[in-house]
file my_file_18.pdb (PDB, C-alpha atoms and all ligand atoms)
ATOM      1  CA  MET X   1       7.439   0.505 -12.748
ATOM      2  CA  SER X   2       4.261  -1.508 -13.435
ATOM      3  CA  GLY X   3       4.485  -5.103 -12.341
ATOM      4  CA  ARG X   4       7.280  -4.258  -9.931
ATOM      5  CA  TRP X   5       5.398  -5.219  -6.751
ATOM      6  CA  ASP X   6       3.389  -8.077  -5.375
ATOM      7  CA  THR X   7       2.013  -9.014  -1.995
ATOM      8  CA  THR X   8       2.652 -11.883   0.350
ATOM      9  CA  THR X   9       1.834 -12.605   3.959
ATOM     10  CA  ALA X  10       4.132 -13.390   6.857
ATOM     11  CA  VAL X  11       3.740 -13.702  10.597
ATOM     12  CA  ILE X  12       5.736 -10.907  12.241
ATOM     13  CA  ASP X  13       5.842 -10.623  16.034
ATOM     14  CA  GLY X  14       2.958 -13.069  16.211
ATOM     15  CA  GLN X  15       0.744 -11.033  13.894
ATOM     16  CA  LEU X  16      -0.219 -11.762  10.313
ATOM     17  CA  ALA X  17       1.198  -9.021   8.098
ATOM     18  CA  LEU X  18       0.597  -8.186   4.449
ATOM     19  CA  LEU X  19       3.925  -7.389   2.823
ATOM     20  CA  VAL X  20       4.205  -5.379  -0.392
ATOM     21  CA  LEU X  21       7.451  -6.490  -1.987
ATOM     22  CA  PRO X  22       9.364  -5.881  -5.201
ATOM     23  CA  VAL X  23       9.016  -8.620  -7.814
ATOM     24  CA  ILE X  24      12.013 -10.516  -9.200
ATOM     25  CA  ARG X  25      11.887 -10.208 -13.003
ATOM     26  CA  GLU X  26      13.838 -12.588 -15.184
ATOM     27  CA  THR X  27      14.652  -9.711 -17.515
ATOM     28  CA  ASP X  28      16.501  -7.829 -14.759
ATOM     29  CA  PRO X  29      20.288  -8.013 -14.502
ATOM     30  CA  PRO X  30      21.618 -10.579 -11.961
ATOM     31  CA  GLU X  31      22.615  -7.883  -9.442
ATOM     32  CA  VAL X  32      19.070  -6.479  -9.414
ATOM     33  CA  ARG X  33      17.580  -9.962  -8.997
ATOM     34  CA  GLU X  34      19.966 -10.642  -6.105
ATOM     35  CA  GLY X  35      19.136  -7.349  -4.415
ATOM     36  CA  ILE X  36      15.404  -7.934  -4.727
ATOM     37  CA  ALA X  37      15.742 -11.547  -3.555
ATOM     38  CA  ARG X  38      17.548 -10.306  -0.452
ATOM     39  CA  ARG X  39      14.851  -7.711   0.232
ATOM     40  CA  ARG X  40      12.142 -10.341  -0.027
ATOM     41  CA  LEU X  41      14.120 -12.686   2.191
ATOM     42  CA  THR X  42      14.730  -9.996   4.801
ATOM     43  CA  ALA X  43      11.084  -8.917   4.870
ATOM     44  CA  THR X  44       9.747 -12.440   5.249
ATOM     45  CA  THR X  45      12.420 -14.075   7.455
ATOM     46  CA  GLY X  46      13.768 -11.030   9.289
ATOM     47  CA  GLN X  47      17.406 -11.308   8.212
ATOM     48  CA  CYS X  48      19.563 -10.551   5.152
ATOM     49  CA  PRO X  49      22.710 -12.521   4.256
ATOM     50  CA  CYS X  50      24.654  -9.264   4.867
ATOM     51  CA  GLY X  51      23.622  -9.482   8.526
ATOM     52  CA  ALA X  52      20.997  -6.744   8.454
ATOM     53  CA  VAL X  53      17.840  -7.463  10.416
ATOM     54  CA  ARG X  54      14.275  -6.301   9.921
ATOM     55  CA  ASN X  55      13.453  -3.647  12.506
ATOM     56  CA  MET X  56       9.778  -3.732  13.278
ATOM     57  CA  PRO X  57       8.403  -0.516  14.755
ATOM     58  CA  ASN X  58       7.252  -1.079  18.330
ATOM     59  CA  ARG X  59       3.634  -1.694  19.220
ATOM     60  CA  ALA X  60       2.987   1.968  20.111
ATOM     61  CA  GLN X  61       4.305   3.114  16.749
ATOM     62  CA  ARG X  62       2.263   0.501  14.920
ATOM     63  CA  ARG X  63      -0.872   1.585  16.810
ATOM     64  CA  ALA X  64      -0.147   5.233  15.954
ATOM     65  CA  ASP X  65       0.205   4.270  12.282
ATOM     66  CA  GLN X  66      -3.063   2.376  12.431
ATOM     67  CA  ARG X  67      -4.931   5.280  14.055
ATOM     68  CA  ALA X  68      -3.544   7.683  11.458
ATOM     69  CA  GLY X  69      -4.405   5.320   8.597
ATOM     70  CA  ARG X  70      -0.741   4.944   7.677
ATOM     71  CA  VAL X  71       1.028   1.851   6.425
ATOM     72  CA  THR X  72       3.727   0.653   8.838
ATOM     73  CA  ARG X  73       7.071   0.478   7.079
ATOM     74  CA  LEU X  74       9.832  -1.975   7.893
ATOM     75  CA  ASP X  75      13.255  -0.480   8.407
ATOM     76  CA  VAL X  76      16.306  -2.523   7.340
ATOM     77  CA  ALA X  77      19.845  -1.102   7.408
ATOM     78  CA  HIS X  78      21.751  -3.227   4.874
ATOM     79  CA  GLU X  79      25.540  -3.181   4.946
ATOM     80  CA  ASP X  80      27.354  -0.976   2.432
ATOM     81  CA  GLY X  81      27.842  -3.014  -0.692
ATOM     82  CA  CYS X  82      24.874  -5.309  -0.053
ATOM     83  CA  PRO X  83      22.929  -5.504  -3.331
ATOM     84  CA  ALA X  84      19.735  -4.909  -1.334
ATOM     85  CA  SER X  85      20.895  -1.548   0.063
ATOM     86  CA  ASP X  86      18.919   1.498  -1.111
ATOM     87  CA  ASP X  87      21.963   3.027  -2.783
ATOM     88  CA  SER X  88      22.840  -0.096  -4.757
ATOM     89  CA  LEU X  89      19.396  -1.339  -5.654
ATOM     90  CA  LEU X  90      17.735   1.946  -6.591
ATOM     91  CA  ARG X  91      20.639   2.816  -8.872
ATOM     92  CA  LEU X  92      20.636  -0.622 -10.497
ATOM     93  CA  ILE X  93      16.857  -0.578 -11.029
ATOM     94  CA  ALA X  94      17.004   2.908 -12.565
ATOM     95  CA  GLN X  95      19.620   1.629 -15.018
ATOM     96  CA  ALA X  96      17.632  -1.532 -15.784
ATOM     97  CA  ASP X  97      14.393   0.413 -16.411
ATOM     98  CA  ARG X  98      15.931   2.695 -19.032
TER      99      ARG X  98
HETATM  100 ZN    ZN C 101      21.572  -6.877   3.047
END

call {"tool": "encode", "arguments": {"input": "my_file_18.pdb", "output": "structure tokens"}}
result
Amino acid sequence: MSGRWDTTTAVIDGQLALLVLPVIRETDPPEVREGIARRRLTATTGQCPCGAVRNMPNRAQRRADQRAGRVTRLDVAHEDGCPASDDSLLRLIAQADR
């Protein structure tokens, strides 16, 4: 899984955020590239072409994460069949990494 992630910044709810996102590799099958592209798009713009939106934890949750030294995770519920959904993408990546 080395080289699978990179970082980028985006302004989310008026705050600068550092996003850790999966990298699109040219060697990956087209479905994996599409799924990863959608994840990157959703994280940075807030919406996936499937209609899913980025759910940012509320301020209290983010503060609790900060106090506990935890990273705040974005929650996105992609539609079934979206190549960015956990079920689709994790399976496709596992196959591609064999
Ligand atoms: Zn989606």

call {"tool": "closest_residue", "arguments": {"input": "my_file_18.pdb", "among": "X:Arg63, X:Arg38, X:Arg54, X:Arg98", "to": "ligand ZN 101 (chain C)", "atoms": "all atoms listed in the file"}}
result
X:Arg38

call {"tool": "closest_residue", "arguments": {"input": "my_file_18.pdb", "among": "X:Ala17, X:Ile12, X:Ile93, X:Cys50", "to": "ligand ZN 101 (chain C)", "atoms": "all atoms listed in the file"}}
result
X:Cys50

call {"tool": "residues_near_ligand", "arguments": {"input": "my_file_18.pdb", "ligand": "ligand ZN 101 (chain C)", "cutoff": "9 Å", "atoms": "all atoms listed in the file", "output": "PyMOL selection string"}}
result
chain X and resi 35+38-39+42+47-53+76-85

call {"tool": "resolve_selection", "arguments": {"input": "my_file_18.pdb", "expression": "the PyMOL selection byres (((chain X and resi 6) around 8) and not hetatm)", "output": "number ranges by chain"}}
result
X: 3-5, 7-8, 20-23

call {"tool": "closest_residue", "arguments": {"input": "my_file_18.pdb", "among": "X:Ala68, X:Gln61, X:Ile36, X:Asn55", "to": "Asp86 in chain X", "atoms": "all atoms listed in the file"}}
result
X:Ile36

call {"tool": "atom_distance", "arguments": {"input": "my_file_18.pdb", "atom1": "CA of Leu18 in chain X", "atom2": "CA of Ala64 in chain X"}}
result
17.7 Å

call {"tool": "atom_distance", "arguments": {"input": "my_file_18.pdb", "atom1": "CA of Leu41 in chain X", "atom2": "CA of Asp75 in chain X"}}
result
13.7 Å

call {"tool": "atom_distance", "arguments": {"input": "my_file_18.pdb", "atom1": "CA of Leu19 in chain X", "atom2": "CA of Arg62 in chain X"}}
result
14.5 Å

call {"tool": "residues_around", "arguments": {"input": "my_file_18.pdb", "residues": "Gln95 in chain X", "least_positions_apart": "4", "cutoff": "12 Å", "atoms": "all atoms listed in the file", "output": "short mmCIF file (atom, residue, chain, number, x, y, z; two decimals) with C-alpha atoms, in the coordinates of the input"}}
result
data_model
loop_
_atom_site.label_atom_id
_atom_site.label_comp_id
_atom_site.auth_asym_id
_atom_site.auth_seq_id
_atom_site.Cartn_x
_atom_site.Cartn_y
_atom_site.Cartn_z
CA ASP X 28 16.50 -7.83 -14.76
CA PRO X 29 20.29 -8.01 -14.50
CA GLU X 31 22.62 -7.88 -9.44
CA VAL X 32 19.07 -6.48 -9.41
CA SER X 88 22.84 -0.10 -4.76
CA LEU X 89 19.40 -1.34 -5.65
CA LEU X 90 17.74 1.95 -6.59
CA ARG X 91 20.64 2.82 -8.87
#

call {"tool": "closest_residue", "arguments": {"input": "my_file_18.pdb", "among": "X:Arg70, X:Arg40, X:Arg59, X:Arg33", "to": "Gly14 in chain X", "atoms": "all atoms listed in the file"}}
result
X:Arg59

call {"tool": "axis_aligned_box", "arguments": {"input": "my_file_18.pdb", "around": "range 51-56 of chain X", "padding_each_side": "6 Å", "output": "JSON"}}
result
{"center_x": 16.7, "center_y": -6.6, "center_z": 10.9, "size_x": 25.8, "size_y": 17.8, "size_z": 16.8}

call {"tool": "closest_residue", "arguments": {"input": "my_file_18.pdb", "among": "X:Ala43, X:Thr72, X:Arg25, X:Asp87", "to": "Ala60 in chain X", "atoms": "only C-alpha atoms"}}
result
X:Thr72

call {"tool": "closest_residue", "arguments": {"input": "my_file_18.pdb", "among": "X:Glu26, X:Glu34, X:Asp97, X:Asp13", "to": "Pro57 in chain X", "atoms": "only C-alpha atoms"}}
result
X:Asp13

call {"tool": "build_atoms", "arguments": {"input": "my_file_18.pdb", "residues": "range 3-29 of chain X", "atoms": "N, CA and C atoms", "output": "mmCIF file, keeping the file's coordinate frame"}}
result
data_model
loop_
_atom_site.group_PDB
_atom_site.id
_atom_site.type_symbol
_atom_site.label_atom_id
_atom_site.label_comp_id
_atom_site.auth_asym_id
_atom_site.auth_seq_id
_atom_site.Cartn_x
_atom_site.Cartn_y
_atom_site.Cartn_z
ATOM 1 N N GLY X 3 4.081 -3.721 -12.521
ATOM 2 C CA GLY X 3 4.485 -5.103 -12.341
ATOM 3 C C GLY X 3 5.708 -5.259 -11.467
ATOM 4 N N ARG X 4 6.083 -4.223 -10.778
ATOM 5 C CA ARG X 4 7.280 -4.258 -9.931
ATOM 6 C C ARG X 4 7.006 -4.796 -8.534
ATOM 7 N N TRP X 5 5.730 -4.877 -8.134
ATOM 8 C CA TRP X 5 5.398 -5.219 -6.751
ATOM 9 C C TRP X 5 4.397 -6.348 -6.697
ATOM 10 N N ASP X 6 4.468 -7.140 -5.667
ATOM 11 C CA ASP X 6 3.389 -8.077 -5.375
ATOM 12 C C ASP X 6 3.219 -8.130 -3.858
ATOM 13 N N THR X 7 2.270 -8.945 -3.430
ATOM 14 C CA THR X 7 2.013 -9.014 -1.995
ATOM 15 C C THR X 7 2.179 -10.452 -1.521
ATOM 16 N N THR X 8 2.566 -10.577 -0.286
ATOM 17 C CA THR X 8 2.652 -11.883 0.350
ATOM 18 C C THR X 8 2.362 -11.672 1.832
ATOM 19 N N THR X 9 2.095 -12.750 2.529
ATOM 20 C CA THR X 9 1.834 -12.605 3.959
ATOM 21 C C THR X 9 2.943 -13.287 4.749
ATOM 22 N N ALA X 10 3.154 -12.792 5.947
ATOM 23 C CA ALA X 10 4.132 -13.390 6.857
ATOM 24 C C ALA X 10 3.663 -13.095 8.273
ATOM 25 N N VAL X 11 4.058 -13.949 9.195
ATOM 26 C CA VAL X 11 3.740 -13.702 10.597
ATOM 27 C C VAL X 11 4.931 -12.958 11.208
ATOM 28 N N ILE X 12 4.692 -11.738 11.659
ATOM 29 C CA ILE X 12 5.736 -10.907 12.241
ATOM 30 C C ILE X 12 5.313 -10.546 13.661
ATOM 31 N N ASP X 13 6.162 -10.868 14.627
ATOM 32 C CA ASP X 13 5.842 -10.623 16.034
ATOM 33 C C ASP X 13 4.477 -11.204 16.394
ATOM 34 N N GLY X 14 4.196 -12.392 15.852
ATOM 35 C CA GLY X 14 2.958 -13.069 16.211
ATOM 36 C C GLY X 14 1.722 -12.557 15.496
ATOM 37 N N GLN X 15 1.905 -11.577 14.602
ATOM 38 C CA GLN X 15 0.744 -11.033 13.894
ATOM 39 C C GLN X 15 0.886 -11.273 12.404
ATOM 40 N N LEU X 16 -0.227 -11.577 11.757
ATOM 41 C CA LEU X 16 -0.219 -11.762 10.313
ATOM 42 C C LEU X 16 -0.050 -10.397 9.645
ATOM 43 N N ALA X 17 0.932 -10.292 8.769
ATOM 44 C CA ALA X 17 1.198 -9.021 8.098
ATOM 45 C C ALA X 17 1.092 -9.213 6.593
ATOM 46 N N LEU X 18 0.606 -8.197 5.908
ATOM 47 C CA LEU X 18 0.597 -8.186 4.449
ATOM 48 C C LEU X 18 1.817 -7.390 4.001
ATOM 49 N N LEU X 19 2.696 -8.042 3.268
ATOM 50 C CA LEU X 19 3.925 -7.389 2.823
ATOM 51 C C LEU X 19 3.808 -7.041 1.341
ATOM 52 N N VAL X 20 4.156 -5.827 1.000
ATOM 53 C CA VAL X 20 4.205 -5.379 -0.392
ATOM 54 C C VAL X 20 5.676 -5.370 -0.782
ATOM 55 N N LEU X 21 6.034 -6.255 -1.706
ATOM 56 C CA LEU X 21 7.451 -6.490 -1.987
ATOM 57 C C LEU X 21 7.752 -6.363 -3.468
ATOM 58 N N PRO X 22 8.981 -5.962 -3.791
ATOM 59 C CA PRO X 22 9.364 -5.881 -5.201
ATOM 60 C C PRO X 22 9.427 -7.280 -5.820
ATOM 61 N N VAL X 23 9.043 -7.354 -7.074
ATOM 62 C CA VAL X 23 9.016 -8.620 -7.814
ATOM 63 C C VAL X 23 10.375 -8.869 -8.465
ATOM 64 N N ILE X 24 10.798 -10.131 -8.477
ATOM 65 C CA ILE X 24 12.013 -10.516 -9.200
ATOM 66 C C ILE X 24 11.613 -10.786 -10.652
ATOM 67 N N ARG X 25 12.190 -10.017 -11.574
ATOM 68 C CA ARG X 25 11.887 -10.208 -13.003
ATOM 69 C C ARG X 25 13.075 -10.871 -13.690
ATOM 70 N N GLU X 26 12.768 -11.859 -14.509
ATOM 71 C CA GLU X 26 13.838 -12.588 -15.184
ATOM 72 C C GLU X 26 14.616 -11.695 -16.133
ATOM 73 N N THR X 27 13.985 -10.611 -16.571
ATOM 74 C CA THR X 27 14.652 -9.711 -17.515
ATOM 75 C C THR X 27 15.630 -8.770 -16.816
ATOM 76 N N ASP X 28 15.591 -8.718 -15.491
ATOM 77 C CA ASP X 28 16.501 -7.829 -14.759
ATOM 78 C C ASP X 28 17.911 -8.407 -14.722
ATOM 79 N N PRO X 29 18.912 -7.536 -14.642
ATOM 80 C CA PRO X 29 20.288 -8.013 -14.502
ATOM 81 C C PRO X 29 20.447 -8.820 -13.206
#
